[in-house]
Amino acid sequence: MGNTGDIVQKLWNLCKVLWHGGVTYHQYVNELTYVLFLKMAEETGTENQIPAEYRWRKLCALNGLEQLTFYRKLLIDLGSLGSPLVQAIFANASTIITEPVTLTSLVSNIDELDWYSAREEGLGDLYEGLLEKNATESKRGAGQYFTPRPLIECIVELMQPQSGEVVQDPAAGTGGFLIIADRYIKKHTDDLFTLKTSEQDFQRRRAFQGMELVQDVHRLCLMNLMLHGIEGPVQLGNTLGPSGAGLPKADLVLTNPPFGAQGGEAGSREDFTYPTNNRQLAFLQHVYRGLKPSGRAAVVLPDNVLFEDNTGQKIRTDLMNKCKLH
């Protein structure tokens with residue numbers, strides 16, 4: 001991990017600055033994402049997607065109440081200005097910072113980090129480190145959006161995603177499955193260099209798709225994908241509602257969907273043969289119905305899926321009839 005690990009620790013230590021304001025880890029990572037996005041755009045030479053008046057240097061040039069007032073306006077305005085990615089990351093953004101001195105401390109500390117080393121080692125790894133820290137430190141909540149990376153790596157190695165395939169995660173969380181699948185493909189194509197230009201374009205823009213229900217988590221996912229060079233469409237929406245029915249068919253589905261008996265809108269997919277309020281059974285139907293012919297999937301599910309009676313039994317029978325099940 002090297003310097004990236006040091007930077008993650010420094011960023012994590014900054015959250016103590018926000019603690020006295022009663023800020024949770026999850027809120028902190030969200031807040032940090034807004035500020036980091038501006039800084040990383042400067043570092044990666046992609047500031048052209050942000051309106052000139054809201055770039056990193058403009059924020060750094062201010063301090064005190066003036067800076068906080070500017071930052072609040074920036075958060076609101078970037079939700080409707082700039083590139084589609086900028087608008088998605090800043091959608092409904094608001095700050096939890098109430099003291100000007102807190103923001104000044106956050107901005108100046110981030111500006112002073114060793115960004116040269118971070119770029120060398122990969123900004124994506126840095127951000128992943130932050131998400132992992134959030135999942136392990138905050139026992140409640142964050143873990144459900146962050147599947148442990150060794151588990152994802154094992155599943156991806158077994159499923160062997162190939163270039164040219166559409167890879168989908170219908171419960172994308174912070175994007176781990178898509179990022180590790182991308183890494184696997186890059187490892188086997190000399191970082192995409194062995195592919196034609198059109199194939200490289202497909203890998204960057206269309207190969208990785210998915211959906212995430214929670215807006216704050218969707219934000220983290222988009223940021224994570226961007227820093228790993230993936231622009232694939234991961235939509236904000238409910239996979240178990242009508243928007244999920246519109247997801248394109250996939251060659252490979254990799255997912256760790258949320259568990260729980262009641263899924264709120266779990267039963268609102270009209271295309272499901274077996275309506276159910278059980279979220280894992282609903283997600284299972286989405287997965288095998290959403291595969292292309294000869295497509296494949298690996299899904300993390302609780303074992304009650306194997307034993308559930310009535311609708312569960314019908315779904316298992318349907319699954320066995322349509323798929324080779326391991």
# chains A, B, ... in the order shown; residues from 1 in each chain; ligands from 1
call {"tool": "residues_around", "arguments": {"residues": "Ile152 in chain A", "least_positions_apart": "3", "cutoff": "10 Å", "atoms": "only C-alpha atoms", "output": "list in words"}}
result
Thr147, Pro148, Arg149, Ile155, Val156, Glu157, Leu158, Gly176, Phe177, Leu178, Ile179, Ile180, Ala181, Leu254, Thr255, Asn256 and Val300 of chain A
call {"tool": "select_by_dssp", "arguments": {"residues": "range 59-291 of chain A", "states": "strand (DSSP E or B)", "output": "ChimeraX atom specification"}}
result
/A:167-169,208-212,234-236,250-255,291
call {"tool": "residues_around", "arguments": {"residues": "range 314-319 of chain A", "least_positions_apart": "5", "cutoff": "10 Å", "atoms": "only C-alpha atoms", "output": "list in words"}}
result
Thr273, Tyr274, Pro275, Leu281, Ala282, Leu284, Gln285, Tyr288, Arg289, Val305, Leu306, Phe307, Glu308, Asp309, Lys324 and Leu325 of chain A
call {"tool": "write_last_selection", "arguments": {"atoms": "N, CA, C and O atoms", "output": "PDB file, in the first residue's frame"}}
result
ATOM      1  N   THR A 273     -42.100 -13.640 -12.753  1.00  0.00           N
ATOM      2  CA  THR A 273     -43.098 -14.712 -12.771  1.00  0.00           C
ATOM      3  C   THR A 273     -43.628 -14.974 -11.376  1.00  0.00           C
ATOM      4  O   THR A 273     -44.790 -15.334 -11.190  1.00  0.00           O
ATOM      5  N   TYR A 274     -42.767 -14.808 -10.379  1.00  0.00           N
ATOM      6  CA  TYR A 274     -43.144 -15.135  -8.997  1.00  0.00           C
ATOM      7  C   TYR A 274     -42.992 -13.905  -8.109  1.00  0.00           C
ATOM      8  O   TYR A 274     -41.917 -13.679  -7.549  1.00  0.00           O
ATOM      9  N   PRO A 275     -44.038 -13.087  -7.988  1.00  0.00           N
ATOM     10  CA  PRO A 275     -43.960 -11.903  -7.131  1.00  0.00           C
ATOM     11  C   PRO A 275     -43.644 -12.318  -5.691  1.00  0.00           C
ATOM     12  O   PRO A 275     -44.158 -13.321  -5.201  1.00  0.00           O
ATOM     13  N   LEU A 281     -34.968 -13.388  -2.790  1.00  0.00           N
ATOM     14  CA  LEU A 281     -35.632 -14.169  -3.837  1.00  0.00           C
ATOM     15  C   LEU A 281     -35.967 -13.286  -5.042  1.00  0.00           C
ATOM     16  O   LEU A 281     -35.904 -13.729  -6.193  1.00  0.00           O
ATOM     17  N   ALA A 282     -36.317 -12.035  -4.775  1.00  0.00           N
ATOM     18  CA  ALA A 282     -36.591 -11.088  -5.866  1.00  0.00           C
ATOM     19  C   ALA A 282     -35.306 -10.815  -6.655  1.00  0.00           C
ATOM     20  O   ALA A 282     -35.294 -10.843  -7.891  1.00  0.00           O
ATOM     21  N   LEU A 284     -32.701 -12.730  -6.869  1.00  0.00           N
ATOM     22  CA  LEU A 284     -32.326 -13.955  -7.579  1.00  0.00           C
ATOM     23  C   LEU A 284     -33.073 -14.043  -8.913  1.00  0.00           C
ATOM     24  O   LEU A 284     -32.480 -14.361  -9.951  1.00  0.00           O
ATOM     25  N   GLN A 285     -34.373 -13.711  -8.895  1.00  0.00           N
ATOM     26  CA  GLN A 285     -35.139 -13.715 -10.150  1.00  0.00           C
ATOM     27  C   GLN A 285     -34.573 -12.690 -11.140  1.00  0.00           C
ATOM     28  O   GLN A 285     -34.429 -12.968 -12.328  1.00  0.00           O
ATOM     29  N   TYR A 288     -31.188 -14.215 -12.794  1.00  0.00           N
ATOM     30  CA  TYR A 288     -31.196 -15.221 -13.855  1.00  0.00           C
ATOM     31  C   TYR A 288     -32.078 -14.822 -15.034  1.00  0.00           C
ATOM     32  O   TYR A 288     -31.858 -15.253 -16.157  1.00  0.00           O
ATOM     33  N   ARG A 289     -33.045 -13.933 -14.797  1.00  0.00           N
ATOM     34  CA  ARG A 289     -33.856 -13.433 -15.914  1.00  0.00           C
ATOM     35  C   ARG A 289     -33.077 -12.400 -16.739  1.00  0.00           C
ATOM     36  O   ARG A 289     -33.407 -12.147 -17.894  1.00  0.00           O
ATOM     37  N   VAL A 305     -32.441 -19.113   1.027  1.00  0.00           N
ATOM     38  CA  VAL A 305     -32.853 -19.211  -0.376  1.00  0.00           C
ATOM     39  C   VAL A 305     -32.927 -20.686  -0.800  1.00  0.00           C
ATOM     40  O   VAL A 305     -33.725 -21.073  -1.645  1.00  0.00           O
ATOM     41  N   LEU A 306     -32.121 -21.526  -0.170  1.00  0.00           N
ATOM     42  CA  LEU A 306     -32.093 -22.950  -0.509  1.00  0.00           C
ATOM     43  C   LEU A 306     -33.255 -23.729   0.117  1.00  0.00           C
ATOM     44  O   LEU A 306     -33.563 -24.827  -0.328  1.00  0.00           O
ATOM     45  N   PHE A 307     -33.868 -23.150   1.165  1.00  0.00           N
ATOM     46  CA  PHE A 307     -34.857 -23.923   1.917  1.00  0.00           C
ATOM     47  C   PHE A 307     -36.262 -23.325   1.925  1.00  0.00           C
ATOM     48  O   PHE A 307     -37.210 -23.981   2.324  1.00  0.00           O
ATOM     49  N   GLU A 308     -36.379 -22.070   1.504  1.00  0.00           N
ATOM     50  CA  GLU A 308     -37.657 -21.364   1.571  1.00  0.00           C
ATOM     51  C   GLU A 308     -38.756 -22.146   0.841  1.00  0.00           C
ATOM     52  O   GLU A 308     -38.557 -22.625  -0.271  1.00  0.00           O
ATOM     53  N   ASP A 309     -39.934 -22.257   1.478  1.00  0.00           N
ATOM     54  CA  ASP A 309     -41.052 -22.994   0.873  1.00  0.00           C
ATOM     55  C   ASP A 309     -41.850 -22.114  -0.077  1.00  0.00           C
ATOM     56  O   ASP A 309     -41.565 -20.941  -0.265  1.00  0.00           O
ATOM     57  N   LYS A 324     -27.632 -23.876 -15.240  1.00  0.00           N
ATOM     58  CA  LYS A 324     -26.792 -24.883 -14.601  1.00  0.00           C
ATOM     59  C   LYS A 324     -26.396 -24.304 -13.261  1.00  0.00           C
ATOM     60  O   LYS A 324     -25.671 -23.308 -13.212  1.00  0.00           O
ATOM     61  N   LEU A 325     -26.839 -24.932 -12.200  1.00  0.00           N
ATOM     62  CA  LEU A 325     -26.664 -24.336 -10.866  1.00  0.00           C
ATOM     63  C   LEU A 325     -25.544 -25.022 -10.104  1.00  0.00           C
ATOM     64  O   LEU A 325     -25.489 -26.247 -10.024  1.00  0.00           O
TER      65      LEU A 325
END
call {"tool": "closest_residue", "arguments": {"among": "A:Arg55, A:Arg119, A:Lys39, A:His26", "to": "Leu131 in chain A", "atoms": "only C-alpha atoms"}}
result
A:His26
call {"tool": "residues_around", "arguments": {"residues": "Ala297 in chain A", "least_positions_apart": "2", "cutoff": "8 Å", "atoms": "only C-alpha atoms", "output": "PyMOL selection string"}}
result
chain A and resi 159+252-254+287-288+291+295+299
call {"tool": "write_last_selection", "arguments": {"atoms": "C-alpha atoms", "output": "PDB file, in the first residue's frame"}}
result
ATOM      1  CA  MET A 159     -15.943 -16.300 -13.092  1.00  0.00           C
ATOM      2  CA  LEU A 252     -22.045 -11.818 -16.458  1.00  0.00           C
ATOM      3  CA  VAL A 253     -23.813 -10.748 -13.280  1.00  0.00           C
ATOM      4  CA  LEU A 254     -21.733 -10.379 -10.110  1.00  0.00           C
ATOM      5  CA  VAL A 287     -30.262 -12.122 -11.878  1.00  0.00           C
ATOM      6  CA  TYR A 288     -31.196 -15.221 -13.855  1.00  0.00           C
ATOM      7  CA  LEU A 291     -28.725 -12.981 -18.330  1.00  0.00           C
ATOM      8  CA  GLY A 295     -24.690 -15.806 -19.670  1.00  0.00           C
ATOM      9  CA  VAL A 299     -24.391 -14.166  -6.383  1.00  0.00           C
TER      10      VAL A 299
END
call {"tool": "closest_residue", "arguments": {"among": "A:Thr174, A:Ser117, A:Gln27, A:Gln200", "to": "Lys186 in chain A", "atoms": "only C-alpha atoms"}}
result
A:Gln200
call {"tool": "select_by_dssp", "arguments": {"residues": "range 204-252 of chain A", "states": "helix (DSSP H, G or I)", "output": "PDB file with N, CA, C and O atoms, in the first residue's frame"}}
result
ATOM      1  N   ARG A 204     -14.322   0.852 -21.434  1.00  0.00           N
ATOM      2  CA  ARG A 204     -14.359   2.031 -20.560  1.00  0.00           C
ATOM      3  C   ARG A 204     -15.773   2.560 -20.341  1.00  0.00           C
ATOM      4  O   ARG A 204     -16.108   3.030 -19.266  1.00  0.00           O
ATOM      5  N   ARG A 205     -16.609   2.488 -21.397  1.00  0.00           N
ATOM      6  CA  ARG A 205     -17.892   3.196 -21.348  1.00  0.00           C
ATOM      7  C   ARG A 205     -19.130   2.316 -21.217  1.00  0.00           C
ATOM      8  O   ARG A 205     -20.159   2.779 -20.738  1.00  0.00           O
ATOM      9  N   GLN A 215     -28.874   7.070  -2.725  1.00  0.00           N
ATOM     10  CA  GLN A 215     -28.178   8.148  -3.447  1.00  0.00           C
ATOM     11  C   GLN A 215     -26.763   8.409  -2.927  1.00  0.00           C
ATOM     12  O   GLN A 215     -25.829   8.567  -3.724  1.00  0.00           O
ATOM     13  N   ASP A 216     -26.586   8.451  -1.617  1.00  0.00           N
ATOM     14  CA  ASP A 216     -25.244   8.708  -1.074  1.00  0.00           C
ATOM     15  C   ASP A 216     -24.254   7.622  -1.489  1.00  0.00           C
ATOM     16  O   ASP A 216     -23.089   7.903  -1.770  1.00  0.00           O
ATOM     17  N   VAL A 217     -24.712   6.386  -1.530  1.00  0.00           N
ATOM     18  CA  VAL A 217     -23.834   5.269  -1.917  1.00  0.00           C
ATOM     19  C   VAL A 217     -23.566   5.323  -3.426  1.00  0.00           C
ATOM     20  O   VAL A 217     -22.450   5.075  -3.883  1.00  0.00           O
ATOM     21  N   HIS A 218     -24.574   5.687  -4.197  1.00  0.00           N
ATOM     22  CA  HIS A 218     -24.422   5.848  -5.652  1.00  0.00           C
ATOM     23  C   HIS A 218     -23.321   6.868  -5.964  1.00  0.00           C
ATOM     24  O   HIS A 218     -22.495   6.678  -6.847  1.00  0.00           O
ATOM     25  N   ARG A 219     -23.308   7.936  -5.183  1.00  0.00           N
ATOM     26  CA  ARG A 219     -22.281   8.983  -5.315  1.00  0.00           C
ATOM     27  C   ARG A 219     -20.886   8.388  -5.128  1.00  0.00           C
ATOM     28  O   ARG A 219     -19.969   8.633  -5.911  1.00  0.00           O
ATOM     29  N   LEU A 220     -20.725   7.605  -4.051  1.00  0.00           N
ATOM     30  CA  LEU A 220     -19.414   6.989  -3.756  1.00  0.00           C
ATOM     31  C   LEU A 220     -19.026   6.025  -4.874  1.00  0.00           C
ATOM     32  O   LEU A 220     -17.865   5.934  -5.266  1.00  0.00           O
ATOM     33  N   CYS A 221     -20.018   5.306  -5.390  1.00  0.00           N
ATOM     34  CA  CYS A 221     -19.773   4.348  -6.473  1.00  0.00           C
ATOM     35  C   CYS A 221     -19.269   5.063  -7.729  1.00  0.00           C
ATOM     36  O   CYS A 221     -18.276   4.650  -8.334  1.00  0.00           O
ATOM     37  N   LEU A 222     -19.930   6.146  -8.116  1.00  0.00           N
ATOM     38  CA  LEU A 222     -19.527   6.888  -9.326  1.00  0.00           C
ATOM     39  C   LEU A 222     -18.110   7.428  -9.186  1.00  0.00           C
ATOM     40  O   LEU A 222     -17.310   7.382 -10.124  1.00  0.00           O
ATOM     41  N   MET A 223     -17.809   7.951  -8.009  1.00  0.00           N
ATOM     42  CA  MET A 223     -16.473   8.490  -7.752  1.00  0.00           C
ATOM     43  C   MET A 223     -15.425   7.368  -7.860  1.00  0.00           C
ATOM     44  O   MET A 223     -14.367   7.522  -8.478  1.00  0.00           O
ATOM     45  N   ASN A 224     -15.746   6.229  -7.273  1.00  0.00           N
ATOM     46  CA  ASN A 224     -14.834   5.090  -7.271  1.00  0.00           C
ATOM     47  C   ASN A 224     -14.592   4.581  -8.696  1.00  0.00           C
ATOM     48  O   ASN A 224     -13.452   4.340  -9.104  1.00  0.00           O
ATOM     49  N   LEU A 225     -15.662   4.444  -9.470  1.00  0.00           N
ATOM     50  CA  LEU A 225     -15.527   3.988 -10.861  1.00  0.00           C
ATOM     51  C   LEU A 225     -14.691   4.981 -11.673  1.00  0.00           C
ATOM     52  O   LEU A 225     -13.800   4.590 -12.434  1.00  0.00           O
ATOM     53  N   MET A 226     -14.981   6.274 -11.500  1.00  0.00           N
ATOM     54  CA  MET A 226     -14.260   7.300 -12.252  1.00  0.00           C
ATOM     55  C   MET A 226     -12.758   7.223 -11.982  1.00  0.00           C
ATOM     56  O   MET A 226     -11.940   7.291 -12.899  1.00  0.00           O
ATOM     57  N   LEU A 227     -12.382   7.062 -10.722  1.00  0.00           N
ATOM     58  CA  LEU A 227     -10.956   7.029 -10.364  1.00  0.00           C
ATOM     59  C   LEU A 227     -10.267   5.756 -10.860  1.00  0.00           C
ATOM     60  O   LEU A 227      -9.050   5.680 -10.908  1.00  0.00           O
ATOM     61  N   PRO A 242     -39.707  -0.888 -11.280  1.00  0.00           N
ATOM     62  CA  PRO A 242     -39.767  -0.842 -12.749  1.00  0.00           C
ATOM     63  C   PRO A 242     -38.430  -0.508 -13.423  1.00  0.00           C
ATOM     64  O   PRO A 242     -38.130  -1.027 -14.491  1.00  0.00           O
ATOM     65  N   SER A 243     -37.608   0.353 -12.788  1.00  0.00           N
ATOM     66  CA  SER A 243     -36.344   0.727 -13.444  1.00  0.00           C
ATOM     67  C   SER A 243     -35.409  -0.472 -13.607  1.00  0.00           C
ATOM     68  O   SER A 243     -34.641  -0.550 -14.553  1.00  0.00           O
ATOM     69  N   GLY A 244     -35.500  -1.431 -12.671  1.00  0.00           N
ATOM     70  CA  GLY A 244     -34.652  -2.626 -12.772  1.00  0.00           C
ATOM     71  C   GLY A 244     -34.977  -3.474 -13.985  1.00  0.00           C
ATOM     72  O   GLY A 244     -34.101  -4.122 -14.571  1.00  0.00           O
ATOM     73  N   ALA A 245     -36.261  -3.449 -14.384  1.00  0.00           N
ATOM     74  CA  ALA A 245     -36.683  -4.233 -15.558  1.00  0.00           C
ATOM     75  C   ALA A 245     -36.034  -3.692 -16.824  1.00  0.00           C
ATOM     76  O   ALA A 245     -35.892  -4.408 -17.813  1.00  0.00           O
TER      77      ALA A 245
END
call {"tool": "closest_residue", "arguments": {"among": "A:Glu212, A:Glu137, A:Glu47, A:Glu231", "to": "Asp182 in chain A", "atoms": "only C-alpha atoms"}}
result
A:Glu231
call {"tool": "residues_around", "arguments": {"residues": "Leu192 in chain A", "least_positions_apart": "3", "cutoff": "10 Å", "atoms": "only C-alpha atoms", "output": "PyMOL selection string"}}
result
chain A and resi 163+182+185-189+195-197+199-201+203-204
